[in-house]
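Containing mmCIF, C-alpha atoms: entry-v3.cif.
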data_start
loop_
_atom_site.label_atom_id
_atom_site.label_comp_id
_atom_site.auth_asym_id
_atom_site.auth_seq_id
_atom_site.Cartn_x
_atom_site.Cartn_y
_atom_site.Cartn_z
CA MET A 1 28.30 -12.80 -26.24
CA HIS A 2 28.15 -10.09 -28.88
CA ARG A 3 30.40 -7.12 -28.09
CA SER A 4 27.56 -4.54 -28.22
CA ARG A 5 25.48 -6.70 -25.86
CA GLN A 6 28.41 -6.82 -23.43
CA SER A 7 28.72 -3.03 -23.56
CA THR A 8 25.00 -2.58 -22.83
CA LEU A 9 25.14 -4.87 -19.79
CA SER A 10 28.27 -3.14 -18.52
CA ARG A 11 26.69 0.30 -18.78
CA SER A 12 23.45 -0.79 -17.08
CA SER A 13 25.27 -2.55 -14.24
CA THR A 14 27.23 0.58 -13.34
CA ALA A 15 24.46 3.14 -13.80
CA ALA A 16 23.35 5.25 -10.84
CA TYR A 17 19.66 5.51 -10.04
CA ALA A 18 18.25 8.41 -8.02
CA LEU A 19 15.66 7.73 -5.31
CA THR A 20 13.29 10.43 -4.10
CA PRO A 21 11.74 9.85 -0.64
CA LEU A 22 7.94 9.90 -0.67
CA GLY A 23 7.88 10.98 2.96
CA VAL A 24 9.28 10.23 6.39
CA ILE A 25 8.33 8.09 9.35
CA GLN A 26 7.39 9.57 12.71
CA SER A 27 7.78 6.77 15.25
CA ASP A 28 8.32 5.79 18.88
CA TYR A 29 11.95 4.89 18.12
CA PRO A 30 14.32 7.89 18.26
CA ASP A 31 17.43 5.64 18.12
CA LYS A 32 18.54 2.42 16.45
CA PHE A 33 19.15 0.68 19.77
CA GLY A 34 16.05 -1.15 20.90
CA VAL A 35 14.22 -1.23 17.57
CA PRO A 36 12.85 -4.76 17.02
CA ARG A 37 14.84 -6.55 14.34
CA GLN A 38 11.67 -7.48 12.44
CA PRO A 39 8.30 -5.75 11.99
CA GLY A 40 5.29 -6.84 14.05
CA LEU A 41 7.24 -7.84 17.17
CA ALA A 42 6.13 -4.74 19.08
CA PRO A 43 2.52 -4.02 18.03
CA ALA A 44 2.21 -1.25 20.65
CA ALA A 45 4.71 0.87 18.71
CA ARG A 46 3.07 3.92 17.14
CA ALA A 47 4.18 5.26 13.77
CA THR A 48 2.95 7.61 11.06
CA LEU A 49 4.17 7.91 7.49
CA VAL A 50 3.83 11.56 6.47
CA LEU A 51 3.93 11.97 2.69
CA ALA A 52 5.66 14.99 1.19
CA PRO A 53 4.61 17.00 -1.88
CA PRO A 54 3.92 16.10 -4.64
CA PHE A 55 3.23 12.62 -3.24
CA SER A 56 0.88 13.99 -0.58
CA ASP A 57 -1.95 14.25 -3.11
CA PRO A 58 -4.92 12.24 -1.74
CA LEU A 59 -5.40 10.77 -5.22
CA ALA A 60 -2.13 8.85 -4.75
CA VAL A 61 -3.65 6.75 -1.94
CA ARG A 62 -7.14 6.30 -3.35
CA GLY A 63 -8.17 2.71 -2.58
CA LEU A 64 -5.33 2.09 -0.14
CA SER A 65 -7.63 1.86 2.89
CA ALA A 66 -9.05 -1.38 1.46
CA PHE A 67 -5.77 -3.11 2.38
CA SER A 68 -4.79 -4.11 5.93
CA HIS A 69 -1.01 -4.32 5.42
CA LEU A 70 1.64 -2.49 3.43
CA TRP A 71 5.15 -3.10 2.19
CA LEU A 72 7.39 -0.10 2.85
CA THR A 73 10.69 0.28 1.02
CA PHE A 74 12.92 2.60 3.01
CA ILE A 75 16.48 3.80 3.47
CA PHE A 76 18.61 2.82 6.49
CA HIS A 77 19.51 6.48 6.93
CA GLN A 78 21.51 6.00 10.14
CA THR A 79 23.70 3.29 8.63
CA PRO A 80 27.02 4.64 7.28
CA GLN A 81 27.56 4.08 3.57
CA ASN A 82 30.93 3.75 1.87
CA PRO A 83 30.44 3.19 -1.88
CA GLU A 84 34.16 2.54 -2.26
CA ARG A 85 34.08 -0.50 0.01
CA PHE A 86 31.75 -3.46 -0.35
CA THR A 87 31.57 -5.78 2.67
CA PRO A 88 30.31 -9.20 1.57
CA LEU A 89 30.01 -10.76 5.06
CA VAL A 90 27.95 -9.73 8.10
CA ARG A 91 27.37 -11.14 11.59
CA PRO A 92 23.62 -11.68 12.20
CA PRO A 93 22.55 -11.28 15.84
CA ARG A 94 20.40 -14.37 15.35
CA LEU A 95 23.61 -16.41 15.09
CA GLY A 96 25.04 -14.92 18.27
CA GLY A 97 26.99 -12.16 16.56
CA ASN A 98 29.95 -14.46 15.95
CA GLN A 99 29.15 -16.40 12.78
CA LYS A 100 29.36 -14.73 9.39
CA VAL A 101 27.00 -15.11 6.45
CA GLY A 102 26.78 -13.33 3.11
CA VAL A 103 25.14 -9.93 3.25
CA PHE A 104 22.55 -11.09 0.70
CA ALA A 105 21.69 -14.05 2.94
CA SER A 106 20.79 -11.65 5.76
CA ARG A 107 18.54 -8.72 6.61
CA SER A 108 21.40 -6.64 7.92
CA PRO A 109 21.08 -2.84 7.49
CA ASN A 110 24.72 -2.82 6.31
CA ARG A 111 23.78 -3.25 2.65
CA PRO A 112 25.31 -1.82 -0.54
CA ASN A 113 22.34 0.51 -1.18
CA ARG A 114 20.98 0.75 2.38
CA LEU A 115 17.48 -0.27 1.22
CA GLY A 116 15.13 -1.96 3.66
CA LEU A 117 11.74 -3.65 3.33
CA SER A 118 9.17 -3.74 6.11
CA LEU A 119 5.67 -5.23 6.37
CA VAL A 120 3.44 -2.99 8.51
CA THR A 121 -0.21 -2.81 9.49
CA LEU A 122 -2.22 0.02 7.98
CA GLU A 123 -4.38 1.43 10.77
CA LYS A 124 -5.75 4.54 9.07
CA VAL A 125 -5.43 6.71 5.96
CA ASP A 126 -5.77 10.39 6.87
CA THR A 127 -6.22 12.80 3.95
CA GLN A 128 -7.59 15.80 5.86
CA ASN A 129 -4.37 17.78 5.52
CA GLY A 130 -2.04 16.15 3.03
CA VAL A 131 -1.62 12.39 3.49
CA ARG A 132 -0.73 10.63 6.73
CA LEU A 133 -0.71 6.84 7.07
CA GLU A 134 -1.14 5.58 10.63
CA LEU A 135 0.84 2.34 11.03
CA GLY A 136 1.07 -0.53 13.49
CA GLY A 137 3.89 -3.00 14.19
CA CYS A 138 6.43 -0.63 12.65
CA ASP A 139 10.16 -1.29 13.14
CA LEU A 140 11.47 1.97 11.64
CA ILE A 141 13.45 4.72 13.36
CA ASP A 142 11.96 8.20 13.57
CA GLN A 143 12.65 10.25 10.41
CA THR A 144 13.30 7.18 8.26
CA PRO A 145 12.88 8.11 4.57
CA VAL A 146 10.36 5.91 2.73
CA VAL A 147 10.87 5.50 -1.01
CA ASP A 148 7.97 3.24 -1.97
CA ILE A 149 4.63 1.89 -0.72
CA LYS A 150 2.91 -1.24 -1.99
CA PRO A 151 -0.15 -3.10 -0.69
CA TYR A 152 0.46 -6.57 0.74
CA LEU A 153 -1.31 -9.45 -1.03
CA PRO A 154 -1.52 -12.50 1.28
CA TRP A 155 -2.61 -14.92 -1.43
CA VAL A 156 0.67 -14.46 -3.30
CA GLU A 157 3.11 -13.29 -0.61
CA ALA A 158 2.30 -15.52 2.37
CA ARG A 159 4.28 -18.74 1.92
CA PRO A 160 4.16 -20.76 5.17
CA ASP A 161 6.01 -23.66 3.50
CA ALA A 162 9.04 -21.50 2.66
CA ARG A 163 12.46 -22.34 4.13
CA ALA A 164 13.81 -19.69 6.52
CA GLY A 165 17.50 -20.60 6.70
CA PHE A 166 19.13 -19.75 10.03
CA ALA A 167 15.94 -18.03 11.30
CA PRO A 168 13.29 -20.78 11.08
CA ALA A 169 11.17 -19.48 13.98
CA PRO A 170 10.53 -16.23 15.87
CA PRO A 171 13.31 -15.24 18.27
CA SER A 172 13.00 -16.45 21.84
CA GLU A 173 11.72 -13.90 24.35
CA VAL A 174 12.88 -13.02 27.85
CA ASP A 175 10.76 -12.11 30.86
CA VAL A 176 10.42 -8.41 31.72
CA VAL A 177 9.71 -7.02 35.20
CA PHE A 178 9.18 -3.42 36.33
CA TYR A 179 10.66 -2.05 39.55
CA PRO A 180 8.53 0.36 41.67
CA PRO A 181 10.24 3.60 40.50
CA ALA A 182 9.47 2.73 36.88
CA CYS A 183 5.87 1.85 37.69
CA ALA A 184 5.44 5.14 39.55
CA LEU A 185 6.39 7.19 36.49
CA LEU A 186 4.13 5.15 34.22
CA ASP A 187 1.20 5.69 36.60
CA GLN A 188 1.62 9.46 36.19
CA ARG A 189 1.39 9.46 32.39
CA PRO A 190 -1.81 9.49 30.32
CA ASP A 191 -0.17 7.04 27.90
CA GLY A 192 1.24 4.94 30.73
CA ALA A 193 -0.53 1.73 29.74
CA SER A 194 0.51 1.85 26.08
CA LEU A 195 4.05 2.94 26.97
CA LYS A 196 4.40 0.05 29.40
CA ALA A 197 3.20 -2.36 26.70
CA LEU A 198 5.73 -0.91 24.25
CA ILE A 199 8.59 -1.18 26.76
CA GLU A 200 7.68 -4.77 27.54
CA GLN A 201 7.38 -5.78 23.88
CA VAL A 202 10.72 -4.19 23.00
CA LEU A 203 12.64 -5.62 25.95
CA ARG A 204 11.20 -9.09 25.43
CA GLN A 205 13.34 -9.22 22.29
CA ASP A 206 16.45 -8.48 24.44
CA PRO A 207 18.00 -5.56 22.50
CA ARG A 208 21.42 -6.05 24.08
CA PRO A 209 24.26 -7.21 21.79
CA ALA A 210 24.17 -10.98 21.40
CA TYR A 211 27.57 -11.44 23.04
CA GLN A 212 26.44 -9.55 26.18
CA ARG A 213 23.29 -11.48 26.96
CA HIS A 214 24.03 -12.53 30.50
CA ALA A 215 23.35 -11.08 33.94
CA ASP A 216 26.44 -8.86 34.37
CA GLY A 217 24.84 -6.11 36.46
CA ARG A 218 25.30 -3.49 33.77
CA VAL A 219 22.50 -0.93 33.33
CA TYR A 220 21.46 -0.26 29.74
CA GLY A 221 19.32 2.52 28.32
CA VAL A 222 16.87 2.48 25.43
CA ARG A 223 14.94 5.55 24.25
CA LEU A 224 11.26 5.06 23.46
CA ARG A 225 8.90 7.94 22.71
CA ASP A 226 10.07 10.73 25.04
CA VAL A 227 11.65 8.58 27.78
CA ASP A 228 14.92 6.83 28.53
CA VAL A 229 14.23 3.33 29.84
CA ARG A 230 16.98 2.03 32.14
CA PHE A 231 17.15 -1.75 32.45
CA GLN A 232 19.48 -4.54 33.52
CA ALA A 233 19.63 -8.31 33.32
CA ILE A 234 18.72 -10.38 36.35
CA GLU A 235 18.47 -14.09 36.98
CA GLY A 236 14.85 -15.17 36.51
CA ASP A 237 13.07 -18.44 37.27
CA ALA A 238 14.05 -20.13 34.02
CA ALA A 239 16.76 -17.92 32.51
CA THR A 240 18.01 -14.37 32.39
CA ALA A 241 15.24 -11.76 32.62
CA LEU A 242 15.32 -8.00 32.12
CA ALA A 243 14.28 -5.60 34.87
CA VAL A 244 13.19 -2.02 34.19
CA VAL A 245 14.88 -0.19 37.05
CA ALA A 246 13.94 3.39 36.11
CA ILE A 247 12.25 5.49 33.46
CA GLU A 248 13.46 9.05 32.91
CA THR A 249 11.70 11.69 30.85
CA LEU A 250 13.99 13.14 28.18
CA PRO A 251 14.56 16.91 28.19
CA GLY A 252 12.77 19.02 25.62
#

Turn this file's structure into structure tokens for me.
Amino acid sequence: MHRSRQSTLSRSSTAAYALTPLGVIQSDYPDKFGVPRQPGLAPAARATLVLAPPFSDPLAVRGLSAFSHLWLTFIFHQTPQNPERFTPLVRPPRLGGNQKVGVFASRSPNRPNRLGLSLVTLEKVDTQNGVRLELGGCDLIDQTPVVDIKPYLPWVEARPDARAGFAPAPPSEVDVVFYPPACALLDQRPDGASLKALIEQVLRQDPRPAYQRHADGRVYGVRLRDVDVRFQAIEGDAATALAVVAIETLPG
């Protein structure tokens, strides 16, 4: 290769590119723990993308309401980043948390540039005061910075014949039951029905670490909306199930 061509490639491969967030997500997930590992697995989850100036100009979303789904490019802002150390292998939960694959063969948040991609449902475009996009099936933590929005085109991006490597089918789900104290709190809330649906959809994915998925009596906690959901594994009819033992309202 010509020397000048080599120099150009070297410079471009080491260049730094600045990203400016378009806005942030407001969602039902205050923490990483419990967030479904893929979008669409908990359709009851509420989320809003609030655009920031100058991107909050209604002209920027003209025509967007004609699309039902969006691609969001975002930053895994709660994932530590160490630019001095590149980790080429990760342990996907789908493989039990024990087997390693290359980071670029996974959807792990532990990526060199912490960029994520999520397919969400567009419920509503609100331009009454700035721009707010109401979303469904979102898998993003509250305050996640979004750096790009693109409409989803099913005729080019839906490929049912594609190979899916070590994740050829949706993850298996576990049964979820609610103990009386948890039901009592839900009955007192105006959003009790939707909150119960969200809790059930999240726990069906079994958010516990892959190596701890057995009935050990331990009580776990996952924060959703403004509550702390306490749950533990129990032996169900067919396999381990998760029982919601209590729901506590978070202070503030």

Inset, instruction - May I have the protein, DNA and RNA residues with an atom at most 6 Å from (9.0, 5.8, 11.3), counting only C-alpha atoms in the file's coordinates, returned as number ranges by chain? - result: A: 25-27, 47, 140-144

Could you write those residues out with C-alpha atoms, as a PDB file, in the frame of the given file?
ATOM      1  CA  ILE A  25       8.330   8.090   9.350  1.00  0.00           C
ATOM      2  CA  GLN A  26       7.390   9.570  12.710  1.00  0.00           C
ATOM      3  CA  SER A  27       7.780   6.770  15.250  1.00  0.00           C
ATOM      4  CA  ALA A  47       4.180   5.260  13.770  1.00  0.00           C
ATOM      5  CA  LEU A 140      11.470   1.970  11.640  1.00  0.00           C
ATOM      6  CA  ILE A 141      13.450   4.720  13.360  1.00  0.00           C
ATOM      7  CA  ASP A 142      11.960   8.200  13.570  1.00  0.00           C
ATOM      8  CA  GLN A 143      12.650  10.250  10.410  1.00  0.00           C
ATOM      9  CA  THR A 144      13.300   7.180   8.260  1.00  0.00           C
TER      10      THR A 144
END

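Each of A:Glu200, A:Asp161, A:Asp148, A:Asp206 was compared to A:Leu224 using all atoms listed in the file, and A:Glu200 turns out to be the nearest.
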
Inset, instruction - Using only C-alpha atoms, find all polymer residues with an atom at most 12 Å away from the point (4.5, 3.0, 36.8); report them as a list in words. - result: Val177, Phe178, Tyr179, Pro180, Pro181, Ala182, Cys183, Ala184, Leu185, Leu186, Asp187, Gln188, Arg189, Pro190, Asp191, Gly192, Ala193, Ser194, Leu195, Lys196, Ala197, Ile199, Val229, Val244, Val245, Ala246, Ile247 and Glu248 of chain A

Store the residues picked out above in a file with C-alpha atoms, as a PDB file, in the coordinates of the input.
ATOM      1  CA  VAL A 177       9.710  -7.020  35.200  1.00  0.00           C
ATOM      2  CA  PHE A 178       9.180  -3.420  36.330  1.00  0.00           C
ATOM      3  CA  TYR A 179      10.660  -2.050  39.550  1.00  0.00           C
ATOM      4  CA  PRO A 180       8.530   0.360  41.670  1.00  0.00           C
ATOM      5  CA  PRO A 181      10.240   3.600  40.500  1.00  0.00           C
ATOM      6  CA  ALA A 182       9.470   2.730  36.880  1.00  0.00           C
ATOM      7  CA  CYS A 183       5.870   1.850  37.690  1.00  0.00           C
ATOM      8  CA  ALA A 184       5.440   5.140  39.550  1.00  0.00           C
ATOM      9  CA  LEU A 185       6.390   7.190  36.490  1.00  0.00           C
ATOM     10  CA  LEU A 186       4.130   5.150  34.220  1.00  0.00           C
ATOM     11  CA  ASP A 187       1.200   5.690  36.600  1.00  0.00           C
ATOM     12  CA  GLN A 188       1.620   9.460  36.190  1.00  0.00           C
ATOM     13  CA  ARG A 189       1.390   9.460  32.390  1.00  0.00           C
ATOM     14  CA  PRO A 190      -1.810   9.490  30.320  1.00  0.00           C
ATOM     15  CA  ASP A 191      -0.170   7.040  27.900  1.00  0.00           C
ATOM     16  CA  GLY A 192       1.240   4.940  30.730  1.00  0.00           C
ATOM     17  CA  ALA A 193      -0.530   1.730  29.740  1.00  0.00           C
ATOM     18  CA  SER A 194       0.510   1.850  26.080  1.00  0.00           C
ATOM     19  CA  LEU A 195       4.050   2.940  26.970  1.00  0.00           C
ATOM     20  CA  LYS A 196       4.400   0.050  29.400  1.00  0.00           C
ATOM     21  CA  ALA A 197       3.200  -2.360  26.700  1.00  0.00           C
ATOM     22  CA  ILE A 199       8.590  -1.180  26.760  1.00  0.00           C
ATOM     23  CA  VAL A 229      14.230   3.330  29.840  1.00  0.00           C
ATOM     24  CA  VAL A 244      13.190  -2.020  34.190  1.00  0.00           C
ATOM     25  CA  VAL A 245      14.880  -0.190  37.050  1.00  0.00           C
ATOM     26  CA  ALA A 246      13.940   3.390  36.110  1.00  0.00           C
ATOM     27  CA  ILE A 247      12.250   5.490  33.460  1.00  0.00           C
ATOM     28  CA  GLU A 248      13.460   9.050  32.910  1.00  0.00           C
TER      29      GLU A 248
END

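Every protein or nucleic acid residue with an atom no more than 12 Å from A:Ala18, counting all atoms listed in the file and leaving out same-chain residues fewer than 2 positions away, appears here: Ala15, Ala16, Thr20, Pro21, Asn113 and Val147 of chain A.
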
I would like the residues chosen by the PyMOL selection byres ((chain A and resi 41) around 10) on the shown file; could you give them as a compact mmCIF listing (two decimals) with C-alpha atoms, keeping the file's coordinate frame?
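Dumped everything to selection.txt:
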# COMPACT_ATOMS: atom_id res chain seq x y z
CA VAL A 35 14.22 -1.23 17.57
CA PRO A 36 12.85 -4.76 17.02
CA ARG A 37 14.84 -6.55 14.34
CA GLN A 38 11.67 -7.48 12.44
CA PRO A 39 8.30 -5.75 11.99
CA GLY A 40 5.29 -6.84 14.05
CA ALA A 42 6.13 -4.74 19.08
CA PRO A 43 2.52 -4.02 18.03
CA ALA A 44 2.21 -1.25 20.65
CA ALA A 45 4.71 0.87 18.71
CA GLY A 137 3.89 -3.00 14.19
CA CYS A 138 6.43 -0.63 12.65
CA ASP A 139 10.16 -1.29 13.14
CA PRO A 170 10.53 -16.23 15.87
CA PRO A 171 13.31 -15.24 18.27
CA GLN A 201 7.38 -5.78 23.88
CA VAL A 202 10.72 -4.19 23.00
CA ARG A 204 11.20 -9.09 25.43
CA GLN A 205 13.34 -9.22 22.29

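Our summary of the geometry notes that atom CA of A:Gly130 is positioned 23.8 Å from atom CA of A:Pro30.
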
Legend entry - Within 10 Å of A:Thr48 using all atoms listed in the file, minus same-chain residues under 2 positions, as a list in words: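 My list of contacting residues is Val24, Ile25, Gln26, Ser27, Asp28, Arg46, Val50, Leu51, Leu122, Glu123, Lys124, Val125, Arg132, Leu133, Glu134, Leu135, Gly136, Cys138 and Asp142 of chain A.
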
Please produce a file of those selected residues containing C-alpha atoms, as an mmCIF file, in the frame of the given file.
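Done, and the output landed in result-v3.cif:
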data_model
loop_
_atom_site.group_PDB
_atom_site.id
_atom_site.type_symbol
_atom_site.label_atom_id
_atom_site.label_comp_id
_atom_site.auth_asym_id
_atom_site.auth_seq_id
_atom_site.Cartn_x
_atom_site.Cartn_y
_atom_site.Cartn_z
ATOM 1 C CA VAL A 24 9.280 10.230 6.390
ATOM 2 C CA ILE A 25 8.330 8.090 9.350
ATOM 3 C CA GLN A 26 7.390 9.570 12.710
ATOM 4 C CA SER A 27 7.780 6.770 15.250
ATOM 5 C CA ASP A 28 8.320 5.790 18.880
ATOM 6 C CA ARG A 46 3.070 3.920 17.140
ATOM 7 C CA VAL A 50 3.830 11.560 6.470
ATOM 8 C CA LEU A 51 3.930 11.970 2.690
ATOM 9 C CA LEU A 122 -2.220 0.020 7.980
ATOM 10 C CA GLU A 123 -4.380 1.430 10.770
ATOM 11 C CA LYS A 124 -5.750 4.540 9.070
ATOM 12 C CA VAL A 125 -5.430 6.710 5.960
ATOM 13 C CA ARG A 132 -0.730 10.630 6.730
ATOM 14 C CA LEU A 133 -0.710 6.840 7.070
ATOM 15 C CA GLU A 134 -1.140 5.580 10.630
ATOM 16 C CA LEU A 135 0.840 2.340 11.030
ATOM 17 C CA GLY A 136 1.070 -0.530 13.490
ATOM 18 C CA CYS A 138 6.430 -0.630 12.650
ATOM 19 C CA ASP A 142 11.960 8.200 13.570
#

Inset, instruction - Apply the PyMOL selection byres ((chain A and resi 102) around 8) to the displayed file and report the matching residues as a list of chain:residue names. - result: A:Pro88, A:Leu89, A:Val90, A:Lys100, A:Val101, A:Val103, A:Phe104, A:Ala105, A:Ser106

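The gap separating atom CA of A:Gly34 from atom CA of A:Gly165 is 24.1 Å, in Å to one decimal.
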
Legend entry - Picked residues, the PyMOL selection byres ((chain A and resi 67) around 12), expected as a PyMOL selection string: chain A and resi 61-66+68-71+120-125+149-154

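With only C-alpha atoms as the atoms that count, the minimum distance from A:Ile75 to the choices A:Pro53, A:Pro145, A:Gly97, A:Gly221 is reached by A:Pro145.
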
Inset, instruction - Using only C-alpha atoms, pick whichever of A:Asn129, A:Gln78, A:Gln99, A:Gln232 has the shortest atom-to-atom distance to A:Phe33. - result: A:Gln78

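Straight-line separation from atom CA of A:Asn98 to atom CA of A:Leu117: 24.7 Å.
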
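Nearest residue to A:Pro112, choosing from A:Asp226, A:Glu84, A:Glu157, A:Glu173 and counting all atoms listed in the file: A:Glu84.
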
Inset, instruction - Would you kindly return, as a PyMOL selection string, each protein, DNA or RNA residue with an atom no farther than 9 Å from any atom of A:Asn110, considering only C-alpha atoms and excluding same-chain residues fewer than 6 positions away? - result: chain A and resi 76+79-81+87+90+103

May I have the selected residues written with C-alpha atoms, as a PDB file, keeping the file's coordinate frame?
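This is the output file selection-v1.pdb:
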ATOM      1  CA  PHE A  76      18.610   2.820   6.490  1.00  0.00           C
ATOM      2  CA  THR A  79      23.700   3.290   8.630  1.00  0.00           C
ATOM      3  CA  PRO A  80      27.020   4.640   7.280  1.00  0.00           C
ATOM      4  CA  GLN A  81      27.560   4.080   3.570  1.00  0.00           C
ATOM      5  CA  THR A  87      31.570  -5.780   2.670  1.00  0.00           C
ATOM      6  CA  VAL A  90      27.950  -9.730   8.100  1.00  0.00           C
ATOM      7  CA  VAL A 103      25.140  -9.930   3.250  1.00  0.00           C
TER       8      VAL A 103
END
